[in-house]
Each structure stands twice: as structure tokens, then as C-alpha cells.
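Following: one structure in C-alpha cells, then a few remarks.
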Amino acid sequence: GDSVTQMEGPVTLSEEAFLTINCTYTATGYPSLFWYVQYPGEGLQLLLKATKADDKGSNKGFEATYRKETTSFHLEKGSVQVSDSAVYFCALNPSGGYQKVTFGIGTKLQVIP
Amino acid sequence: DAGVIQSPRHEVTEMGQEVTLRCKPISGHDYLFWYRQTMMRGLELLIYFNNNVPIDDSGMPEDRFSAKMPNASFSTLKIQPSEPRDSAVYFCASSLATGYNEQFFGPGTRLTVL
């Protein structure tokens with residue numbers, strides 16, 4: 001079945017450091033890939049998405065590129081801020097219109113001033 | 001739009017009691033999902049509906065859990081009887097049938113069973 005493997009946290013960085021959170025997936029066909037973010041006390045919200053190979057999703061300074069050859073969708077940001085402290089979830093939606101999204105375990109990011 | 005609305009935001013109950021969680025999805029969305037989040041197990045899909053019809057309930061842990069969607073604007077998740085191991089944050093989410101299926105999450109209900 002479909003699966004998403006995400007690096008375990010927590011990840012602690014100083015403000016303005018470079019961020020990478022690794023995500024790899026297993027799926028048949030051509031899934032859509034997502035990064036969701038969960039701020040403390042809130043539900044998940046979509047951060048960015050990519051729907052086909054080589055697409056780059058970007059939002060709020062975060063980027064991720066859909067790499068089919070390595071089945072990866074790593075999240076990056078060049079300079080993190082304290083306000084980026086949250087839990088980040090990698091997720092995939094199988095192709096074919098099937099609605100059941102598979103989420104990774106989540107990676108907690110803490111950014112310290 | 002007000003987004004996905006969940007109630008209550010917090011629920012504390014005693015073991016054996018019935019618990020009902022409520023969700024109002026975003027108007028016009030075709031799909032509704034119920035998730036449970038714990039530290040140990042992460043985010044788990046319990047059940048989802050399409051046009052008010054349950055499609056996949058394979059994630060419902062036991063017969064103590066049941067979910068209904070009587071109309072397009074309301075769903076409930078019921079636990080009867082509740083147990084301490086049911087303590088978790090329960091999220092409702094909704095999405096459209098078209099597009100790439102972004103899910104919109106509610107703020108969650110934090111359930112504590114004593």
C-alpha cells in the first residue's frame with residue numbers, strides 16, 4: 001500500500017538557519033504530494049503541494065520538488081523564523097481521484113532566537 | 001467562509017460515558033474525514049464520507065466508535081462507552097471532489113477520558 005516516510009524530529013534550529021525535512025514515499029501511479037503544517041493548538045493546514053513529477057511547490061519561503069526518480073519530496077527553507085515553529089507533515093494522495101490521503105508521522109520543528 | 005467547525009473544543013469525561021463530537025464541514029465540500037491524533041500513533045484516519053455516505057471505515061478502532069453524516073452540513077463521531085485509551089485530539093476535515101484534494105482541517109476536539 002501507499003506510505004510516506006518522514007524524518008523523525010524534533011528538529012531544533014537557530015533563527016535564520018537553513019531547513020531541510022526529508023520525505024520519501026511509496027505509491028503506485030502518479031500521486032499528488034503535499035506538505036501540511038500544524039501550529040500549536042490548531043488543525044493541519046496546507047503549506048504547499050505538487051501534482052506531477054518535477055513540479056516545485058512553494059509558499060511562505062518554503063519549497064519542495066516532486067522527484068519521481070528518488071520518490072522524494074523534501075521540504076526546504078533558506079532562513080527559518082521563530083514563527084515557523086510547528087509540526088510538518090508530508091502527505092500523498094493517490095492518483096485516480098481516490099480521496100484517502102496518507103500522512104507521514106510529522107516532524108516537529110523548533111526555531112530558537 | 002468560517003472553515004470547518006468542530007465542537008466541543010475540549011471534552012473531559014469519565015470512563016464508560018458516551019461522548020459525541022460534532023463537525024460542520026465547509027459548505028459545498030463533497031468529502032468529510034474524521035482523524036485521531038496521538039503522540040504514540042500520530043495522525044490516523046478513522047472514517048470518511050462522500051456525499052454523506054460512508055466510504056471507508058476501516059480505521060475505526062472498535063465497535064465502540066460510530067460516525068454519522070445525516071446531511072451535507074453535519075457529522076458526528078460517537079464513542080460509547082469511552083475508555084482512557086480514547087484520549088486524543090480528534091480532527092474533522094473536508095475537501096472538494098475536484099482539484100487535487102486539499103483537505104481543510106477543523107481546530108480539533110481534545111478528548112480526555114478519566
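Identifiers in this document derive from the order of the C-alpha cells: chains are assigned A, B, ..., residues are numbered from 1 separately in each chain, and ligands are numbered from 1 in order of occurrence.
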Report task. Considering only C-alpha atoms, return as a ChimeraX atom specification whatever protein or nucleic-acid residues lie within 6 Å of range 65-75 of chain A, sequence-local ones (same chain, fewer than 5 positions apart) excluded. Result -> /A:20-25,53-56
Query - Residue list for chain A near chain B as a ChimeraX atom specification, 8 Å, only C-alpha atoms - result: /A:32,41-46,51,93,97,99,103,105-106
Query raised in the report: Would you give me, as a PyMOL selection string, the residues in range 4-103 of chain B that DSSP reads as strand (DSSP E or B)?
Result: chain B and resi 5-7+10-13+19-24+31-38+42-50+53-56+65-71+74-79+88-95
Query - Spatial neighbours of Gly104 in chain A, max dist 8 Å, only C-alpha atoms, sep filter under 4 positions, as number ranges by chain - result: A: 3-6, 89-91
Same residues, N, CA, C and O atoms, saved as a PDB file, in the first residue's frame:
ATOM      1  N   SER A   3       2.614   4.617   1.268  1.00  0.00           N
ATOM      2  CA  SER A   3       3.236   5.005   2.539  1.00  0.00           C
ATOM      3  C   SER A   3       4.072   6.255   2.350  1.00  0.00           C
ATOM      4  O   SER A   3       4.536   6.557   1.248  1.00  0.00           O
ATOM      5  N   VAL A   4       4.270   6.960   3.453  1.00  0.00           N
ATOM      6  CA  VAL A   4       5.111   8.154   3.483  1.00  0.00           C
ATOM      7  C   VAL A   4       6.081   8.001   4.644  1.00  0.00           C
ATOM      8  O   VAL A   4       5.660   7.720   5.772  1.00  0.00           O
ATOM      9  N   THR A   5       7.360   8.169   4.379  1.00  0.00           N
ATOM     10  CA  THR A   5       8.392   8.085   5.402  1.00  0.00           C
ATOM     11  C   THR A   5       8.992   9.460   5.600  1.00  0.00           C
ATOM     12  O   THR A   5       9.479  10.087   4.647  1.00  0.00           O
ATOM     13  N   GLN A   6       8.958   9.909   6.817  1.00  0.00           N
ATOM     14  CA  GLN A   6       9.363  11.260   7.131  1.00  0.00           C
ATOM     15  C   GLN A   6      10.389  11.219   8.239  1.00  0.00           C
ATOM     16  O   GLN A   6      10.283  10.377   9.144  1.00  0.00           O
ATOM     17  N   PHE A  89       3.930  17.916   8.211  1.00  0.00           N
ATOM     18  CA  PHE A  89       3.503  16.591   7.754  1.00  0.00           C
ATOM     19  C   PHE A  89       3.649  16.490   6.245  1.00  0.00           C
ATOM     20  O   PHE A  89       3.115  17.333   5.505  1.00  0.00           O
ATOM     21  N   CYS A  90       4.329  15.460   5.802  1.00  0.00           N
ATOM     22  CA  CYS A  90       4.360  15.125   4.386  1.00  0.00           C
ATOM     23  C   CYS A  90       3.166  14.201   4.102  1.00  0.00           C
ATOM     24  O   CYS A  90       2.811  13.367   4.955  1.00  0.00           O
ATOM     25  N   ALA A  91       2.561  14.329   2.935  1.00  0.00           N
ATOM     26  CA  ALA A  91       1.372  13.526   2.643  1.00  0.00           C
ATOM     27  C   ALA A  91       1.261  13.261   1.155  1.00  0.00           C
ATOM     28  O   ALA A  91       1.802  14.011   0.335  1.00  0.00           O
TER      29      ALA A  91
END
Query - Shell around Ala67 in chain B at 8 Å using only C-alpha atoms, local window under 4 positions removed, as a list in words - result: Ile47, Ser75, Thr76, Leu77 and Lys78 of chain B
Requested in this report: Would you kindly return, as an MDAnalysis selection string, each protein, DNA or RNA residue with an atom no farther than 7 Å from any atom of range 12-24 of chain B, considering only C-alpha atoms and excluding same-chain residues fewer than 5 positions away?
Outcome: chainID B and resid 4:7 73:84 92 111:114
Write the residues of the preceding selection, restricted to all heavy atoms, as a compact mmCIF listing (two decimals), in the first residue's frame.
# COMPACT_ATOMS: atom_id res chain seq x y z
N VAL B 4 -13.91 24.75 8.65
CA VAL B 4 -14.51 23.59 9.31
C VAL B 4 -14.69 23.91 10.79
O VAL B 4 -13.77 24.39 11.44
CB VAL B 4 -13.61 22.35 9.13
CG1 VAL B 4 -14.19 21.17 9.90
CG2 VAL B 4 -13.46 22.01 7.65
N ILE B 5 -15.88 23.64 11.28
CA ILE B 5 -16.21 23.95 12.67
C ILE B 5 -16.37 22.65 13.44
O ILE B 5 -17.10 21.74 13.00
CB ILE B 5 -17.50 24.78 12.75
CG1 ILE B 5 -17.30 26.11 12.00
CG2 ILE B 5 -17.88 25.05 14.20
CD1 ILE B 5 -18.57 26.93 11.86
N GLN B 6 -15.71 22.59 14.59
CA GLN B 6 -15.83 21.42 15.45
C GLN B 6 -16.28 21.84 16.85
O GLN B 6 -15.89 22.91 17.34
CB GLN B 6 -14.51 20.67 15.57
CG GLN B 6 -14.08 19.98 14.30
CD GLN B 6 -12.85 19.11 14.50
OE1 GLN B 6 -11.78 19.43 13.97
NE2 GLN B 6 -13.00 18.03 15.25
N SER B 7 -17.06 20.98 17.47
CA SER B 7 -17.45 21.23 18.85
C SER B 7 -17.62 19.91 19.60
O SER B 7 -17.93 18.88 18.97
CB SER B 7 -18.76 22.02 18.90
OG SER B 7 -19.82 21.26 18.35
N SER B 73 -24.14 19.15 5.92
CA SER B 73 -23.55 20.18 6.75
C SER B 73 -23.29 19.73 8.19
O SER B 73 -23.01 20.55 9.06
CB SER B 73 -24.44 21.42 6.76
OG SER B 73 -25.72 21.11 7.26
N PHE B 74 -23.38 18.43 8.43
CA PHE B 74 -23.23 18.00 9.82
C PHE B 74 -22.79 16.54 9.90
O PHE B 74 -23.31 15.67 9.20
CB PHE B 74 -24.56 18.18 10.56
CG PHE B 74 -24.51 17.84 12.02
CD1 PHE B 74 -23.75 18.61 12.88
CD2 PHE B 74 -25.22 16.77 12.53
CE1 PHE B 74 -23.70 18.32 14.24
CE2 PHE B 74 -25.19 16.48 13.88
CZ PHE B 74 -24.43 17.25 14.75
N SER B 75 -21.85 16.28 10.81
CA SER B 75 -21.42 14.92 11.07
C SER B 75 -21.11 14.76 12.54
O SER B 75 -20.74 15.72 13.22
CB SER B 75 -20.17 14.57 10.25
OG SER B 75 -19.70 13.26 10.53
N THR B 76 -21.27 13.55 13.04
CA THR B 76 -20.95 13.24 14.43
C THR B 76 -20.05 12.01 14.50
O THR B 76 -20.15 11.11 13.68
CB THR B 76 -22.20 12.98 15.28
OG1 THR B 76 -22.92 11.87 14.71
CG2 THR B 76 -23.10 14.20 15.33
N LEU B 77 -19.20 12.02 15.50
CA LEU B 77 -18.40 10.84 15.86
C LEU B 77 -18.74 10.53 17.30
O LEU B 77 -18.58 11.37 18.18
CB LEU B 77 -16.91 11.14 15.70
CG LEU B 77 -15.96 10.01 16.09
CD1 LEU B 77 -16.09 8.84 15.13
CD2 LEU B 77 -14.51 10.51 16.11
N LYS B 78 -19.20 9.31 17.52
CA LYS B 78 -19.66 8.92 18.85
C LYS B 78 -18.80 7.79 19.39
O LYS B 78 -18.45 6.85 18.66
CB LYS B 78 -21.12 8.51 18.80
CG LYS B 78 -21.76 8.20 20.14
CD LYS B 78 -23.23 7.86 20.00
CE LYS B 78 -24.03 9.05 19.53
NZ LYS B 78 -25.50 8.77 19.51
N ILE B 79 -18.49 7.88 20.66
CA ILE B 79 -17.76 6.82 21.35
C ILE B 79 -18.61 6.38 22.54
O ILE B 79 -18.94 7.18 23.40
CB ILE B 79 -16.38 7.29 21.86
CG1 ILE B 79 -15.59 7.96 20.73
CG2 ILE B 79 -15.59 6.10 22.41
CD1 ILE B 79 -14.29 8.61 21.20
N GLN B 80 -18.96 5.10 22.54
CA GLN B 80 -19.82 4.58 23.59
C GLN B 80 -19.55 3.10 23.82
O GLN B 80 -19.78 2.29 22.91
CB GLN B 80 -21.29 4.78 23.23
CG GLN B 80 -22.30 4.02 24.07
CD GLN B 80 -22.30 4.39 25.54
OE1 GLN B 80 -21.75 5.41 25.93
NE2 GLN B 80 -22.90 3.57 26.36
N PRO B 81 -19.04 2.71 24.99
CA PRO B 81 -18.59 3.56 26.09
C PRO B 81 -17.16 4.04 25.88
O PRO B 81 -16.37 3.37 25.20
CB PRO B 81 -18.65 2.60 27.28
CG PRO B 81 -18.32 1.27 26.67
CD PRO B 81 -18.94 1.29 25.29
N SER B 82 -16.83 5.16 26.42
CA SER B 82 -15.47 5.70 26.27
C SER B 82 -14.50 5.02 27.24
O SER B 82 -14.91 4.52 28.31
CB SER B 82 -15.47 7.21 26.51
OG SER B 82 -15.95 7.51 27.80
N GLU B 83 -13.22 4.99 26.83
CA GLU B 83 -12.15 4.41 27.65
C GLU B 83 -10.99 5.39 27.69
O GLU B 83 -10.83 6.20 26.76
CB GLU B 83 -11.71 3.07 27.06
CG GLU B 83 -12.80 2.00 27.05
CD GLU B 83 -12.32 0.66 26.54
OE1 GLU B 83 -11.11 0.54 26.23
OE2 GLU B 83 -13.16 -0.26 26.44
N PRO B 84 -10.14 5.28 28.71
CA PRO B 84 -8.99 6.21 28.80
C PRO B 84 -8.12 6.19 27.56
O PRO B 84 -7.57 7.23 27.18
CB PRO B 84 -8.25 5.69 30.04
CG PRO B 84 -9.32 5.11 30.90
CD PRO B 84 -10.29 4.48 29.95
N CYS B 92 -11.73 16.84 12.34
CA CYS B 92 -12.60 16.70 11.19
C CYS B 92 -11.99 17.51 10.06
O CYS B 92 -11.41 18.58 10.29
CB CYS B 92 -13.99 17.23 11.55
SG CYS B 92 -15.19 17.22 10.22
N LEU B 111 -10.03 15.33 23.56
CA LEU B 111 -10.83 14.46 24.43
C LEU B 111 -9.94 13.84 25.50
O LEU B 111 -8.89 13.26 25.19
CB LEU B 111 -11.49 13.35 23.61
CG LEU B 111 -12.21 12.26 24.40
CD1 LEU B 111 -13.41 12.85 25.14
CD2 LEU B 111 -12.64 11.12 23.50
N THR B 112 -10.38 13.96 26.72
CA THR B 112 -9.70 13.33 27.86
C THR B 112 -10.72 12.43 28.55
O THR B 112 -11.77 12.90 28.98
CB THR B 112 -9.16 14.36 28.85
OG1 THR B 112 -8.26 15.24 28.17
CG2 THR B 112 -8.43 13.67 29.99
N VAL B 113 -10.39 11.15 28.62
CA VAL B 113 -11.25 10.19 29.31
C VAL B 113 -10.54 9.76 30.59
O VAL B 113 -9.44 9.18 30.54
CB VAL B 113 -11.57 8.98 28.43
CG1 VAL B 113 -12.52 8.03 29.15
CG2 VAL B 113 -12.16 9.41 27.09
N LEU B 114 -11.15 10.04 31.71
CA LEU B 114 -10.53 9.75 33.01
C LEU B 114 -10.86 8.34 33.50
O LEU B 114 -11.90 7.78 33.12
CB LEU B 114 -10.97 10.79 34.03
CG LEU B 114 -10.67 12.25 33.65
CD1 LEU B 114 -11.28 13.18 34.68
CD2 LEU B 114 -9.17 12.45 33.53
Query - Atomic distance CA of Val80 in chain A - CA of Leu47 in chain A, expressed in Å with one decimal - result: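 Between CA of Val80 in chain A and CA of Leu47 in chain A the gap is 14.6 Å.
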Query - Non-local contacts of range 14-16 of chain A (6 Å; only C-alpha atoms; under 3 positions in same chain excluded) as a ChimeraX atom specification - result: /A:79-81,111-113
Report task. Calculate how many Å separate CA of Ala86 in chain A from CA of Tyr36 in chain A, rounding to one decimal. Result -> 10.2 Å
